[in-house]
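To keep things clear, I will list the structure first and then write my remarks on it.
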Amino acid sequence: MAEKTKIFLDTNVILTGLKSKRGNSAQILKLCEKGKYKAIISDQVLEEIVRNVAENKYFSALLPNYKKRMRKLNPIVIKDPAFTTVEKWSKVIDIYDASIFAAAHLAKVDYFITWNVRHFRKPQVPIPVYNPYEFLFEQAIKEQFGK
């Protein structure tokens, strides 16, 4: 059996996916829930999601369904990387984003999905970085025409 494609989901993808029922982020979450892809997040991403759901009025309406949806998503949660690893990536990516990217890199994901692609698309970044629309489009093309 082939290994599932591992996708690292940035905080903004999960939050917009939880908030929307039909948007691109929501579609990615649904595909992960159905087992097509394996969702990977880091401790930092999980903390950011929890904080936003608990403290942000825009996301607080998600609270009743948040835990249920996260159980369905069933992401692999990667420990935040050591400072030395984050420091290495901070030479390429902003220090705040470097910790999230370092976790994705350590997890050996196939794709990094974020709405902030400009923060991560650098020549030195070895993981394909897509926004949810781009990712879904590429996957549809692969399914239509082969890999």
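Ligands are numbered from 1 in the order shown, residues from 1 within each chain, and chains are lettered A, B, ... in the order they appear in the structure tokens.
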
Please provide as a count of residues only all residues within 8 Å of Asn131 (chain A), with the sequence filter that same-chain residues fewer than 6 positions apart are discarded (counting only C-alpha atoms).
5

Hey, what does DSSP flag as helix (DSSP H, G or I) within region 55-114 of chain A? Can you give it to me as an MDAnalysis selection string?
chainID A and resid 55 57:60 63:73 83:90 95:106

Just write the chosen residues, C-alpha atoms, as an mmCIF file, in the first residue's frame.
data_model
loop_
_atom_site.group_PDB
_atom_site.id
_atom_site.type_symbol
_atom_site.label_atom_id
_atom_site.label_comp_id
_atom_site.auth_asym_id
_atom_site.auth_seq_id
_atom_site.Cartn_x
_atom_site.Cartn_y
_atom_site.Cartn_z
ATOM 1 C CA GLU A 55 -9.568 34.377 22.101
ATOM 2 C CA LYS A 57 -14.131 36.740 18.178
ATOM 3 C CA TYR A 58 -13.970 35.803 14.492
ATOM 4 C CA PHE A 59 -13.079 32.206 15.366
ATOM 5 C CA SER A 60 -14.807 31.816 18.752
ATOM 6 C CA LEU A 63 -15.408 26.410 19.690
ATOM 7 C CA PRO A 64 -18.360 23.954 19.884
ATOM 8 C CA ASN A 65 -17.169 22.007 16.820
ATOM 9 C CA TYR A 66 -13.433 22.592 17.112
ATOM 10 C CA LYS A 67 -12.499 19.460 19.102
ATOM 11 C CA LYS A 68 -14.735 17.215 17.017
ATOM 12 C CA ARG A 69 -13.241 18.486 13.764
ATOM 13 C CA MET A 70 -9.675 18.169 15.067
ATOM 14 C CA ARG A 71 -10.367 14.553 16.080
ATOM 15 C CA LYS A 72 -11.676 13.864 12.573
ATOM 16 C CA LEU A 73 -8.663 15.583 11.030
ATOM 17 C CA PHE A 83 16.429 26.330 18.710
ATOM 18 C CA THR A 84 19.518 25.444 16.659
ATOM 19 C CA THR A 85 17.307 24.032 13.898
ATOM 20 C CA VAL A 86 15.034 27.079 13.981
ATOM 21 C CA GLU A 87 18.078 29.350 13.947
ATOM 22 C CA LYS A 88 19.335 27.635 10.782
ATOM 23 C CA TRP A 89 16.039 28.249 8.978
ATOM 24 C CA SER A 90 15.762 31.816 10.328
ATOM 25 C CA ILE A 95 12.290 33.732 12.766
ATOM 26 C CA TYR A 96 8.607 33.364 13.680
ATOM 27 C CA ASP A 97 7.848 31.379 10.530
ATOM 28 C CA ALA A 98 11.155 29.505 10.687
ATOM 29 C CA SER A 99 10.020 27.384 13.625
ATOM 30 C CA ILE A 100 6.933 26.225 11.763
ATOM 31 C CA PHE A 101 8.859 25.496 8.596
ATOM 32 C CA ALA A 102 11.615 23.690 10.528
ATOM 33 C CA ALA A 103 8.984 21.351 11.989
ATOM 34 C CA ALA A 104 7.632 20.647 8.499
ATOM 35 C CA HIS A 105 11.129 19.974 7.202
ATOM 36 C CA LEU A 106 11.911 17.602 10.074
#

8 Å contact set for Asp43 (chain A), only C-alpha atoms, chain neighbours under 2 positions out, as a list of chain:residue names:
A:Ile41, A:Val45, A:Leu46, A:Glu47, A:Val77, A:Ile78, A:Lys79, A:Asp80

Write the selection just made, keeping C-alpha atoms, as a PDB file, in the first residue's frame?
ATOM      1  CA  ILE A  41       1.082  20.166  12.166  1.00  0.00           C
ATOM      2  CA  VAL A  45       0.455  25.424  15.027  1.00  0.00           C
ATOM      3  CA  LEU A  46      -1.756  23.585  17.513  1.00  0.00           C
ATOM      4  CA  GLU A  47      -1.163  26.286  20.145  1.00  0.00           C
ATOM      5  CA  VAL A  77       1.566  16.720  15.751  1.00  0.00           C
ATOM      6  CA  ILE A  78       5.320  17.297  15.454  1.00  0.00           C
ATOM      7  CA  LYS A  79       7.237  18.618  18.427  1.00  0.00           C
ATOM      8  CA  ASP A  80       8.610  22.097  17.952  1.00  0.00           C
TER       9      ASP A  80
END

Mind pulling up the distance from CA of Asp94 (chain A) to CA of Lys6 (chain A)?
23.6 Å

With only C-alpha atoms as the atoms that count, which of A:Val13, A:Ile7, A:Ala61, A:Leu18 lies nearest to Tyr37 (chain A)?
A:Ile7

Excluding Lys122 (chain A) and its own-chain neighbours fewer than 6 positions away, which residues fall within 10 Å of it when counting only C-alpha atoms? Please give them as a VMD selection string.
chain A and resid 92 to 93 129

Once DSSP has gone over the backbone, tell me which residues of region 9-75 of chain A are in strand (DSSP E or B), as an MDAnalysis selection string.
chainID A and resid 9 37:42

In Å and to one decimal, CA of Tyr133 (chain A) is distant from CA of Val50 (chain A) by 24.4 Å
